[in-house]
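What follows is the content of run.csv (CSV, N, CA and C atoms and all ligand atoms).
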chain,number,residue,atom,x,y,z
A,1,MET,N,20.6,-37.5,-25.0
A,1,MET,CA,20.0,-37.6,-23.7
A,1,MET,C,20.6,-36.6,-22.7
A,2,GLU,N,21.9,-36.5,-22.7
A,2,GLU,CA,22.6,-35.6,-21.8
A,2,GLU,C,22.2,-34.2,-22.0
A,3,ALA,N,22.1,-33.9,-23.3
A,3,ALA,CA,21.7,-32.5,-23.7
A,3,ALA,C,20.3,-32.1,-23.1
A,4,ILE,N,19.4,-33.1,-23.2
A,4,ILE,CA,18.0,-32.9,-22.7
A,4,ILE,C,18.0,-32.6,-21.2
A,5,LYS,N,18.9,-33.4,-20.6
A,5,LYS,CA,19.0,-33.3,-19.1
A,5,LYS,C,19.5,-31.9,-18.8
A,6,GLU,N,20.5,-31.4,-19.5
A,6,GLU,CA,21.1,-30.1,-19.3
A,6,GLU,C,20.0,-29.0,-19.5
A,7,VAL,N,19.3,-29.1,-20.6
A,7,VAL,CA,18.2,-28.1,-20.9
A,7,VAL,C,17.2,-28.1,-19.7
A,8,PHE,N,16.8,-29.3,-19.3
A,8,PHE,CA,15.8,-29.4,-18.2
A,8,PHE,C,16.3,-28.8,-17.0
A,9,LEU,N,17.6,-29.0,-16.6
A,9,LEU,CA,18.2,-28.5,-15.4
A,9,LEU,C,18.2,-26.9,-15.5
A,10,ALA,N,18.7,-26.5,-16.7
A,10,ALA,CA,18.8,-25.0,-16.8
A,10,ALA,C,17.4,-24.4,-16.7
A,11,THR,N,16.4,-25.0,-17.2
A,11,THR,CA,15.0,-24.5,-17.1
A,11,THR,C,14.6,-24.4,-15.6
A,12,VAL,N,14.8,-25.5,-14.9
A,12,VAL,CA,14.4,-25.6,-13.5
A,12,VAL,C,15.1,-24.5,-12.7
A,13,ILE,N,16.4,-24.3,-13.0
A,13,ILE,CA,17.2,-23.3,-12.3
A,13,ILE,C,16.6,-21.9,-12.6
A,14,GLY,N,16.4,-21.7,-13.9
A,14,GLY,CA,15.8,-20.5,-14.4
A,14,GLY,C,14.5,-20.1,-13.7
A,15,ILE,N,13.6,-21.1,-13.6
A,15,ILE,CA,12.3,-20.9,-13.0
A,15,ILE,C,12.5,-20.5,-11.5
A,16,ALA,N,13.4,-21.3,-10.8
A,16,ALA,CA,13.6,-21.1,-9.4
A,16,ALA,C,14.2,-19.7,-9.2
A,17,PHE,N,15.1,-19.3,-10.1
A,17,PHE,CA,15.7,-17.9,-10.0
A,17,PHE,C,14.6,-16.8,-10.1
A,18,CYS,N,13.7,-17.0,-11.1
A,18,CYS,CA,12.6,-16.0,-11.4
A,18,CYS,C,11.7,-15.9,-10.1
A,19,ILE,N,11.4,-17.1,-9.6
A,19,ILE,CA,10.5,-17.1,-8.4
A,19,ILE,C,11.1,-16.4,-7.2
A,20,THR,N,12.4,-16.7,-7.0
A,20,THR,CA,13.1,-16.1,-5.9
A,20,THR,C,13.2,-14.6,-6.1
A,21,THR,N,13.6,-14.2,-7.3
A,21,THR,CA,13.8,-12.8,-7.6
A,21,THR,C,12.4,-12.0,-7.5
A,22,GLY,N,11.4,-12.7,-8.0
A,22,GLY,CA,10.1,-12.1,-7.9
A,22,GLY,C,9.7,-11.9,-6.5
A,23,PHE,N,9.9,-12.9,-5.7
A,23,PHE,CA,9.6,-12.8,-4.2
A,23,PHE,C,10.4,-11.7,-3.6
A,24,TYR,N,11.6,-11.6,-3.9
A,24,TYR,CA,12.5,-10.5,-3.4
A,24,TYR,C,12.0,-9.2,-3.7
A,25,ILE,N,11.6,-9.0,-5.0
A,25,ILE,CA,11.1,-7.7,-5.4
A,25,ILE,C,9.8,-7.3,-4.7
A,26,GLU,N,8.9,-8.3,-4.6
A,26,GLU,CA,7.6,-8.1,-4.0
A,26,GLU,C,7.7,-7.7,-2.5
A,27,SER,N,8.7,-8.4,-1.8
A,27,SER,CA,8.8,-8.2,-0.4
A,27,SER,C,9.8,-7.1,0.0
A,28,ARG,N,10.4,-6.5,-0.9
A,28,ARG,CA,11.4,-5.4,-0.7
A,28,ARG,C,10.7,-4.2,0.0
A,29,PRO,N,11.1,-3.8,1.1
A,29,PRO,CA,10.4,-2.6,1.7
A,29,PRO,C,10.7,-1.4,0.9
A,30,ILE,N,9.7,-0.5,0.8
A,30,ILE,CA,9.7,0.7,0.0
A,30,ILE,C,9.6,1.9,1.0
A,31,LEU,N,10.4,2.9,0.8
A,31,LEU,CA,10.3,4.1,1.6
A,31,LEU,C,9.1,4.8,1.2
A,32,MET,N,8.2,5.0,2.1
A,32,MET,CA,6.9,5.7,1.8
A,32,MET,C,6.7,6.9,2.7
A,33,LYS,N,5.9,7.8,2.1
A,33,LYS,CA,5.5,9.0,2.9
A,33,LYS,C,4.2,8.6,3.6
A,34,LEU,N,4.1,8.7,4.9
A,34,LEU,CA,2.9,8.3,5.6
A,34,LEU,C,2.2,9.5,6.2
A,35,THR,N,0.9,9.6,6.0
A,35,THR,CA,0.1,10.6,6.7
A,35,THR,C,-1.1,9.9,7.3
A,36,GLY,N,-1.9,10.7,8.1
A,36,GLY,CA,-3.1,10.1,8.7
A,36,GLY,C,-4.3,10.9,8.3
A,37,TYR,N,-5.4,10.2,8.2
A,37,TYR,CA,-6.7,10.9,8.0
A,37,TYR,C,-7.8,10.2,8.7
A,38,CYS,N,-8.9,10.8,8.8
A,38,CYS,CA,-10.1,10.2,9.3
A,38,CYS,C,-11.3,10.5,8.4
A,39,PRO,N,-12.4,9.8,8.5
A,39,PRO,CA,-13.4,10.1,7.4
A,39,PRO,C,-14.2,11.4,7.6
A,40,CYS,N,-13.8,12.3,8.4
A,40,CYS,CA,-14.5,13.5,8.6
A,40,CYS,C,-14.5,14.5,7.4
A,41,LYS,N,-15.3,15.5,7.5
A,41,LYS,CA,-15.4,16.5,6.4
A,41,LYS,C,-14.1,17.3,6.2
A,42,GLU,N,-13.4,17.5,7.4
A,42,GLU,CA,-12.2,18.2,7.4
A,42,GLU,C,-11.1,17.5,6.6
A,43,CYS,N,-11.1,16.2,6.8
A,43,CYS,CA,-10.1,15.4,6.1
A,43,CYS,C,-10.5,15.0,4.6
A,44,CYS,N,-11.8,14.8,4.5
A,44,CYS,CA,-12.2,14.2,3.2
A,44,CYS,C,-13.1,15.1,2.3
A,45,GLY,N,-13.3,16.4,2.8
A,45,GLY,CA,-14.1,17.3,2.0
A,45,GLY,C,-15.5,17.3,2.3
A,46,ASP,N,-16.3,18.2,1.8
A,46,ASP,CA,-17.7,18.4,2.1
A,46,ASP,C,-18.5,17.2,1.6
A,47,TYR,N,-18.0,16.4,0.6
A,47,TYR,CA,-18.7,15.3,0.0
A,47,TYR,C,-18.4,14.0,0.7
A,48,ALA,N,-17.7,14.1,1.8
A,48,ALA,CA,-17.3,12.9,2.6
A,48,ALA,C,-18.6,12.1,3.0
A,49,ASN,N,-18.7,10.9,2.6
A,49,ASN,CA,-20.0,10.1,2.9
A,49,ASN,C,-19.7,8.9,3.8
A,50,GLY,N,-18.5,8.9,4.4
A,50,GLY,CA,-18.3,7.8,5.3
A,50,GLY,C,-18.0,6.5,4.7
A,51,LYS,N,-17.8,6.5,3.3
A,51,LYS,CA,-17.5,5.2,2.6
A,51,LYS,C,-16.1,5.5,2.0
A,52,THR,N,-15.3,4.4,1.9
A,52,THR,CA,-14.1,4.4,1.2
A,52,THR,C,-14.4,4.3,-0.3
A,53,SER,N,-13.4,4.6,-1.2
A,53,SER,CA,-13.7,4.6,-2.6
A,53,SER,C,-14.1,3.2,-3.1
A,54,ILE,N,-13.9,2.1,-2.3
A,54,ILE,CA,-14.4,0.8,-2.7
A,54,ILE,C,-15.6,0.4,-1.9
A,55,GLY,N,-16.2,1.4,-1.2
A,55,GLY,CA,-17.5,1.1,-0.6
A,55,GLY,C,-17.4,0.6,0.8
A,56,ARG,N,-16.2,0.6,1.4
A,56,ARG,CA,-16.2,0.1,2.8
A,56,ARG,C,-16.6,1.2,3.8
A,57,ASP,N,-17.1,0.8,4.9
A,57,ASP,CA,-17.5,1.7,5.9
A,57,ASP,C,-16.3,2.3,6.6
A,58,ALA,N,-16.0,3.6,6.2
A,58,ALA,CA,-14.7,4.2,6.6
A,58,ALA,C,-14.6,4.4,8.1
A,59,TRP,N,-15.7,4.4,8.8
A,59,TRP,CA,-15.7,4.6,10.3
A,59,TRP,C,-15.5,3.3,11.0
A,60,LYS,N,-15.8,2.2,10.3
A,60,LYS,CA,-15.8,0.9,11.0
A,60,LYS,C,-14.6,0.0,10.6
A,61,THR,N,-13.9,0.4,9.5
A,61,THR,CA,-12.9,-0.5,9.0
A,61,THR,C,-11.6,0.3,9.0
A,62,TYR,N,-10.5,-0.5,9.1
A,62,TYR,CA,-9.2,0.2,9.1
A,62,TYR,C,-8.6,-0.1,7.7
A,63,GLY,N,-8.0,0.9,7.1
A,63,GLY,CA,-7.4,0.7,5.8
A,63,GLY,C,-6.5,1.9,5.5
A,64,VAL,N,-6.0,1.9,4.3
A,64,VAL,CA,-5.2,3.1,3.9
A,64,VAL,C,-5.6,3.6,2.5
A,65,ALA,N,-5.4,4.9,2.3
A,65,ALA,CA,-5.7,5.4,1.0
A,65,ALA,C,-4.3,5.5,0.2
A,66,ALA,N,-4.4,5.2,-1.1
A,66,ALA,CA,-3.1,5.2,-1.9
A,66,ALA,C,-3.5,5.6,-3.3
A,67,ASP,N,-2.5,5.7,-4.2
A,67,ASP,CA,-2.8,5.8,-5.6
A,67,ASP,C,-3.0,4.3,-6.1
A,68,PRO,N,-4.3,4.0,-6.5
A,68,PRO,CA,-4.5,2.6,-6.9
A,68,PRO,C,-3.7,2.1,-8.1
A,69,GLU,N,-3.1,3.1,-8.9
A,69,GLU,CA,-2.3,2.6,-10.0
A,69,GLU,C,-1.0,2.1,-9.5
A,70,LEU,N,-0.5,2.7,-8.3
A,70,LEU,CA,0.7,2.3,-7.7
A,70,LEU,C,0.5,1.1,-6.8
A,71,LEU,N,-0.5,1.2,-6.0
A,71,LEU,CA,-0.9,0.2,-5.0
A,71,LEU,C,-2.4,-0.2,-5.2
A,72,PRO,N,-2.7,-1.2,-6.0
A,72,PRO,CA,-4.1,-1.6,-6.3
A,72,PRO,C,-4.9,-1.8,-5.0
A,73,TYR,N,-6.2,-1.6,-5.1
A,73,TYR,CA,-7.1,-1.9,-4.0
A,73,TYR,C,-6.9,-3.3,-3.6
A,74,GLY,N,-6.9,-3.6,-2.3
A,74,GLY,CA,-6.7,-4.9,-1.8
A,74,GLY,C,-5.3,-5.3,-1.5
A,75,THR,N,-4.4,-4.4,-1.9
A,75,THR,CA,-3.0,-4.7,-1.5
A,75,THR,C,-2.8,-4.6,0.0
A,76,ARG,N,-2.1,-5.6,0.5
A,76,ARG,CA,-1.8,-5.6,2.0
A,76,ARG,C,-0.4,-5.0,2.2
A,77,LEU,N,-0.4,-4.1,3.2
A,77,LEU,CA,0.9,-3.5,3.5
A,77,LEU,C,1.2,-3.7,5.0
A,78,ASN,N,2.5,-3.9,5.3
A,78,ASN,CA,3.0,-4.0,6.6
A,78,ASN,C,3.7,-2.7,7.0
A,79,ILE,N,3.0,-1.9,7.8
A,79,ILE,CA,3.4,-0.6,8.1
A,79,ILE,C,4.0,-0.5,9.5
A,80,PRO,N,5.3,-0.2,9.6
A,80,PRO,CA,6.0,-0.2,10.9
A,80,PRO,C,5.2,0.8,11.9
A,81,GLY,N,5.0,0.3,13.1
A,81,GLY,CA,4.3,1.1,14.1
A,81,GLY,C,2.8,1.1,13.9
A,82,VAL,N,2.3,0.6,12.8
A,82,VAL,CA,0.8,0.6,12.6
A,82,VAL,C,0.3,-0.8,12.5
A,83,GLY,N,0.9,-1.6,11.7
A,83,GLY,CA,0.5,-3.0,11.5
A,83,GLY,C,0.1,-3.3,10.1
A,84,ILE,N,-0.6,-4.4,9.8
A,84,ILE,CA,-1.0,-4.7,8.5
A,84,ILE,C,-2.3,-4.0,8.1
A,85,ARG,N,-2.3,-3.3,7.0
A,85,ARG,CA,-3.4,-2.6,6.5
A,85,ARG,C,-3.6,-2.9,5.1
A,86,ILE,N,-4.9,-2.7,4.6
A,86,ILE,CA,-5.3,-3.0,3.3
A,86,ILE,C,-5.5,-1.7,2.5
A,87,VAL,N,-5.2,-1.6,1.3
A,87,VAL,CA,-5.5,-0.4,0.5
A,87,VAL,C,-7.0,-0.5,0.1
A,88,ASP,N,-7.8,0.5,0.6
A,88,ASP,CA,-9.2,0.4,0.3
A,88,ASP,C,-9.8,1.8,0.0
A,89,ASP,N,-8.9,2.8,-0.2
A,89,ASP,CA,-9.3,4.2,-0.4
A,89,ASP,C,-8.3,4.9,-1.3
A,90,THR,N,-8.7,6.0,-1.8
A,90,THR,CA,-7.7,6.9,-2.5
A,90,THR,C,-7.9,8.3,-2.2
A,91,GLY,N,-7.1,9.2,-2.7
A,91,GLY,CA,-7.2,10.6,-2.5
A,91,GLY,C,-6.3,11.4,-3.5
A,92,GLY,N,-6.7,12.6,-3.7
A,92,GLY,CA,-6.0,13.4,-4.7
A,92,GLY,C,-4.5,13.6,-4.2
A,93,ALA,N,-4.3,13.7,-2.9
A,93,ALA,CA,-2.9,14.0,-2.4
A,93,ALA,C,-2.0,12.8,-2.8
A,94,MET,N,-2.5,11.5,-2.7
A,94,MET,CA,-1.7,10.3,-3.0
A,94,MET,C,-1.5,10.2,-4.5
A,95,ARG,N,-2.5,10.6,-5.3
A,95,ARG,CA,-2.3,10.5,-6.7
A,95,ARG,C,-1.3,11.6,-7.2
A,96,GLN,N,-1.3,12.7,-6.5
A,96,GLN,CA,-0.4,13.8,-6.9
A,96,GLN,C,1.1,13.4,-6.5
A,97,SER,N,1.2,12.8,-5.3
A,97,SER,CA,2.5,12.3,-4.8
A,97,SER,C,3.1,11.3,-5.8
A,98,ALA,N,2.2,10.4,-6.3
A,98,ALA,CA,2.6,9.4,-7.2
A,98,ALA,C,3.2,10.0,-8.5
A,99,LYS,N,2.6,11.1,-8.9
A,99,LYS,CA,3.1,11.8,-10.1
A,99,LYS,C,4.5,12.3,-9.9
A,100,GLU,N,4.8,12.6,-8.6
A,100,GLU,CA,6.1,13.2,-8.3
A,100,GLU,C,7.1,12.1,-7.9
A,101,GLY,N,6.6,10.8,-8.1
A,101,GLY,CA,7.5,9.7,-7.8
A,101,GLY,C,7.6,9.3,-6.3
A,102,ILE,N,6.6,9.8,-5.6
A,102,ILE,CA,6.6,9.6,-4.1
A,102,ILE,C,5.5,8.5,-3.8
A,103,TRP,N,5.9,7.5,-3.1
A,103,TRP,CA,5.0,6.5,-2.6
A,103,TRP,C,4.3,7.1,-1.4
A,104,HIS,N,3.1,7.4,-1.4
A,104,HIS,CA,2.4,8.1,-0.3
A,104,HIS,C,1.1,7.3,0.1
A,105,ILE,N,1.1,7.0,1.4
A,105,ILE,CA,-0.1,6.3,1.8
A,105,ILE,C,-0.7,7.1,3.0
A,106,ASP,N,-2.0,7.2,3.0
A,106,ASP,CA,-2.8,7.9,4.0
A,106,ASP,C,-3.5,6.9,4.9
A,107,ILE,N,-3.1,6.9,6.2
A,107,ILE,CA,-3.6,5.8,7.1
A,107,ILE,C,-4.9,6.3,7.8
A,108,ARG,N,-5.9,5.5,7.7
A,108,ARG,CA,-7.2,5.9,8.2
A,108,ARG,C,-7.3,5.6,9.8
A,109,PHE,N,-7.7,6.7,10.4
A,109,PHE,CA,-8.0,6.6,11.9
A,109,PHE,C,-9.5,6.9,12.1
A,110,HIS,N,-10.0,6.5,13.2
A,110,HIS,CA,-11.4,6.7,13.5
A,110,HIS,C,-11.7,8.0,14.3
A,111,SER,N,-10.7,8.8,14.5
A,111,SER,CA,-10.9,10.1,15.1
A,111,SER,C,-9.9,11.1,14.5
A,112,HIS,N,-10.4,12.3,14.4
A,112,HIS,CA,-9.6,13.3,13.8
A,112,HIS,C,-8.3,13.6,14.6
A,113,GLU,N,-8.5,13.6,15.9
A,113,GLU,CA,-7.4,13.8,16.8
A,113,GLU,C,-6.3,12.8,16.6
A,114,LYS,N,-6.6,11.6,16.5
A,114,LYS,CA,-5.6,10.5,16.3
A,114,LYS,C,-4.9,10.7,14.9
A,115,ALA,N,-5.7,11.1,13.9
A,115,ALA,CA,-5.1,11.2,12.6
A,115,ALA,C,-4.1,12.4,12.6
A,116,GLU,N,-4.4,13.4,13.3
A,116,GLU,CA,-3.5,14.6,13.4
A,116,GLU,C,-2.3,14.2,14.2
A,117,GLU,N,-2.5,13.5,15.3
A,117,GLU,CA,-1.4,13.0,16.1
A,117,GLU,C,-0.4,12.2,15.4
A,118,PHE,N,-0.9,11.4,14.4
A,118,PHE,CA,0.0,10.6,13.6
A,118,PHE,C,1.0,11.4,12.8
A,119,GLY,N,0.5,12.6,12.3
A,119,GLY,CA,1.3,13.5,11.6
A,119,GLY,C,1.8,13.0,10.3
A,120,ASP,N,3.0,13.3,10.0
A,120,ASP,CA,3.6,13.1,8.7
A,120,ASP,C,5.0,12.5,8.9
A,121,ARG,N,5.2,11.3,8.4
A,121,ARG,CA,6.5,10.6,8.6
A,121,ARG,C,6.9,9.7,7.4
A,122,GLU,N,8.1,9.2,7.5
A,122,GLU,CA,8.6,8.3,6.4
A,122,GLU,C,8.9,7.0,7.1
A,123,GLU,N,8.5,5.9,6.4
A,123,GLU,CA,8.8,4.6,6.9
A,123,GLU,C,9.0,3.6,5.8
A,124,TYR,N,9.8,2.6,6.0
A,124,TYR,CA,9.9,1.5,5.0
A,124,TYR,C,8.7,0.6,5.2
A,125,VAL,N,7.9,0.5,4.1
A,125,VAL,CA,6.7,-0.3,4.2
A,125,VAL,C,6.9,-1.5,3.3
A,126,ARG,N,6.5,-2.6,3.8
A,126,ARG,CA,6.6,-3.9,3.0
A,126,ARG,C,5.3,-4.2,2.4
A,127,ILE,N,5.3,-4.5,1.1
A,127,ILE,CA,4.1,-5.0,0.4
A,127,ILE,C,4.0,-6.5,0.6
A,128,LEU,N,2.9,-7.0,1.1
A,128,LEU,CA,2.7,-8.4,1.4
A,128,LEU,C,2.1,-9.1,0.2
B,201,ZN,ZN,-10.6,14.1,10.1
Give the structure from this file in structure tokens form.
Amino acid sequence: MEAIKEVFLATVIGIAFCITTGFYIESRPILMKLTGYCPCKECCGDYANGKTSIGRDAWKTYGVAADPELLPYGTRLNIPGVGIRIVDDTGGAMRQSAKEGIWHIDIRFHSHEKAEEFGDREEYVRIL
């Protein structure tokens, strides 16, 4: 009976440890390269159609573009100085960065000026 109790306790502790560690890994901030874009042709090319790659209205919604293999669509990010944004778009630059081991997110603005103003920076981003 004592042995069963011990096994039970070890299992409970093991599960609690896994959950805590998993939570820690998930909420660990990651240093990311941040850039800004808007849905215009200059930012998104001649085929820009005002929709994100998952079909959201790029001019009316806020989101970020990322490599979906690194950050799947729907992932929520807490970006310092920006707020909470959802991954809803992608782009060649982000997929190229991912190949180089760089976490790169492109934050969508609704005006080209604001996107340019945002520039290029590095921040610790938390995955929610
Ligand atoms: Zn633009």
**OP:** Would you mind listing the residues within 6.5 Å of ligand ZN 201 (chain B), counting all atoms listed in the file, as a PyMOL selection string?
**Re:** chain A and resi 37-44+111-113
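Distances here use only N, CA and C atoms; by that measure, the residue among A:Glu123, A:Asp89, A:Glu100, A:Asp106 closest to A:Arg56 is A:Asp89.
As for atom N of A:Ile30 and atom CA of A:Ile127, they are spaced 7.2 Å apart.
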**OP:** Determine which residues of chain A DSSP labels as helix (DSSP H, G or I) from the backbone of this structure, then write them out as JSON, numbers by chain.
**Re:** {"A": [2, 3, 4, 5, 6, 7, 8, 9, 10, 11, 12, 13, 14, 15, 16, 17, 18, 19, 20, 21, 22, 23, 24, 25, 26, 27, 41, 42, 43, 44, 92, 93, 94, 95, 96, 97, 98, 99, 112, 113, 114, 115, 116, 117, 118]}
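Here atom CA of A:Gly45 and atom C of A:Ala58 stand 14.3 Å from one another.
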In the coordinate frame of the file, compute which residues have an atom within 5 Å of (-3.8, 4.8, 0.0) when using only N, CA and C atoms, and state them as a tab-separated table (two decimals) with N, CA and C atoms, keeping the file's coordinate frame.
chain	number	residue	atom	x	y	z
A	64	VAL	N	-6.00	1.90	4.30
A	64	VAL	CA	-5.20	3.10	3.90
A	64	VAL	C	-5.60	3.60	2.50
A	65	ALA	N	-5.40	4.90	2.30
A	65	ALA	CA	-5.70	5.40	1.00
A	65	ALA	C	-4.30	5.50	0.20
A	66	ALA	N	-4.40	5.20	-1.10
A	66	ALA	CA	-3.10	5.20	-1.90
A	66	ALA	C	-3.50	5.60	-3.30
A	67	ASP	N	-2.50	5.70	-4.20
A	67	ASP	CA	-2.80	5.80	-5.60
A	67	ASP	C	-3.00	4.30	-6.10
A	89	ASP	N	-8.90	2.80	-0.20
A	89	ASP	CA	-9.30	4.20	-0.40
A	89	ASP	C	-8.30	4.90	-1.30
A	105	ILE	N	1.10	7.00	1.40
A	105	ILE	CA	-0.10	6.30	1.80
A	105	ILE	C	-0.70	7.10	3.00
A	106	ASP	N	-2.00	7.20	3.00
A	106	ASP	CA	-2.80	7.90	4.00
A	106	ASP	C	-3.50	6.90	4.90
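Ranking A:Pro29, A:Gly63, A:Gly55, A:Pro68 by their shortest atom-to-atom distance to A:Val82, with only C-alpha atoms included, puts A:Gly63 first.
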Original post:
What does the distance from atom CA of A:Phe109 to atom N of A:Lys60 come to in Å, to one decimal?
Top reply: 9.1 Å
Subject >> In chain A, DSSP strand (DSSP E or B) residues written as a ChimeraX atom specification >> reply: /A:30-37,51,57,64-65,76-79,83-89,104-108,120-127
Subject >> Residue nearest A:Gly81 - candidates A:Phe118, A:Ser27, A:Leu128, A:Glu6, atoms counted: only C-alpha atoms >> reply: A:Phe118
Original post:
Leaving out A:Arg76 and any residue of its chain fewer than 3 positions from it, which residues lie within 10 Å of it when counting only C-alpha atoms, given as a list in words?
Top reply: Gly63, Val64, Leu71, Pro72, Tyr73, Ile79, Ile84, Arg85, Ile86, Val87, Asp88, Arg126, Ile127 and Leu128 of chain A
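Among A:Ile54, A:Ile107, A:Gly101, A:Lys33, the residue with the shortest atom-to-atom distance to A:Tyr124, counting all atoms listed in the file, is A:Lys33.
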**OP:** Name the closest residue to A:Tyr62 among the candidates A:Thr90, A:Ile102, A:His110, A:Ala3; distances are taken between atoms, counting all atoms listed in the file.
**Re:** A:His110
Take the structure in the block and write a file for stretch 72-118 of chain A, C-alpha atoms, as a PDB file, in the first residue's frame.
ATOM      1  CA  PRO A  72       1.033  29.496 -36.157  1.00  0.00           C
ATOM      2  CA  TYR A  73      -1.907  31.643 -37.274  1.00  0.00           C
ATOM      3  CA  GLY A  74      -3.994  32.640 -34.306  1.00  0.00           C
ATOM      4  CA  THR A  75      -1.041  32.859 -31.915  1.00  0.00           C
ATOM      5  CA  ARG A  76      -1.441  35.793 -29.546  1.00  0.00           C
ATOM      6  CA  LEU A  77       1.614  37.893 -28.796  1.00  0.00           C
ATOM      7  CA  ASN A  78       2.198  40.539 -26.171  1.00  0.00           C
ATOM      8  CA  ILE A  79       4.436  43.076 -27.889  1.00  0.00           C
ATOM      9  CA  PRO A  80       6.035  45.792 -25.736  1.00  0.00           C
ATOM     10  CA  GLY A  81       4.904  49.241 -26.817  1.00  0.00           C
ATOM     11  CA  VAL A  82       2.311  47.767 -29.192  1.00  0.00           C
ATOM     12  CA  GLY A  83      -0.010  45.545 -27.167  1.00  0.00           C
ATOM     13  CA  ILE A  84      -1.598  42.176 -27.793  1.00  0.00           C
ATOM     14  CA  ARG A  85      -1.691  41.177 -31.439  1.00  0.00           C
ATOM     15  CA  ILE A  86      -2.690  38.000 -33.241  1.00  0.00           C
ATOM     16  CA  VAL A  87      -0.661  36.310 -35.990  1.00  0.00           C
ATOM     17  CA  ASP A  88      -2.899  36.562 -39.086  1.00  0.00           C
ATOM     18  CA  ASP A  89      -0.517  37.117 -41.981  1.00  0.00           C
ATOM     19  CA  THR A  90       2.817  36.010 -43.388  1.00  0.00           C
ATOM     20  CA  GLY A  91       5.502  37.284 -45.706  1.00  0.00           C
ATOM     21  CA  GLY A  92       8.684  36.219 -47.448  1.00  0.00           C
ATOM     22  CA  ALA A  93      10.869  38.352 -45.170  1.00  0.00           C
ATOM     23  CA  MET A  94       9.580  36.593 -42.039  1.00  0.00           C
ATOM     24  CA  ARG A  95      10.031  33.137 -43.550  1.00  0.00           C
ATOM     25  CA  GLN A  96      13.560  34.077 -44.662  1.00  0.00           C
ATOM     26  CA  SER A  97      14.413  35.356 -41.168  1.00  0.00           C
ATOM     27  CA  ALA A  98      13.116  32.101 -39.659  1.00  0.00           C
ATOM     28  CA  LYS A  99      15.536  30.168 -41.866  1.00  0.00           C
ATOM     29  CA  GLU A 100      18.335  32.259 -40.376  1.00  0.00           C
ATOM     30  CA  GLY A 101      17.111  31.483 -36.857  1.00  0.00           C
ATOM     31  CA  ILE A 102      15.607  34.938 -36.331  1.00  0.00           C
ATOM     32  CA  TRP A 103      12.140  35.400 -34.850  1.00  0.00           C
ATOM     33  CA  HIS A 104      10.759  38.180 -37.011  1.00  0.00           C
ATOM     34  CA  ILE A 105       7.303  39.682 -36.828  1.00  0.00           C
ATOM     35  CA  ASP A 106       5.908  42.399 -39.067  1.00  0.00           C
ATOM     36  CA  ILE A 107       3.353  44.553 -37.297  1.00  0.00           C
ATOM     37  CA  ARG A 108       0.452  45.812 -39.389  1.00  0.00           C
ATOM     38  CA  PHE A 109      -0.454  49.472 -39.358  1.00  0.00           C
ATOM     39  CA  HIS A 110      -3.237  51.146 -41.276  1.00  0.00           C
ATOM     40  CA  SER A 111      -1.085  53.840 -42.807  1.00  0.00           C
ATOM     41  CA  HIS A 112       2.207  53.608 -44.631  1.00  0.00           C
ATOM     42  CA  GLU A 113       3.568  56.555 -42.655  1.00  0.00           C
ATOM     43  CA  LYS A 114       2.927  54.863 -39.317  1.00  0.00           C
ATOM     44  CA  ALA A 115       4.504  51.633 -40.525  1.00  0.00           C
ATOM     45  CA  GLU A 116       7.648  53.488 -41.597  1.00  0.00           C
ATOM     46  CA  GLU A 117       7.695  55.449 -38.383  1.00  0.00           C
ATOM     47  CA  PHE A 118       7.746  52.200 -36.422  1.00  0.00           C
TER      48      PHE A 118
END
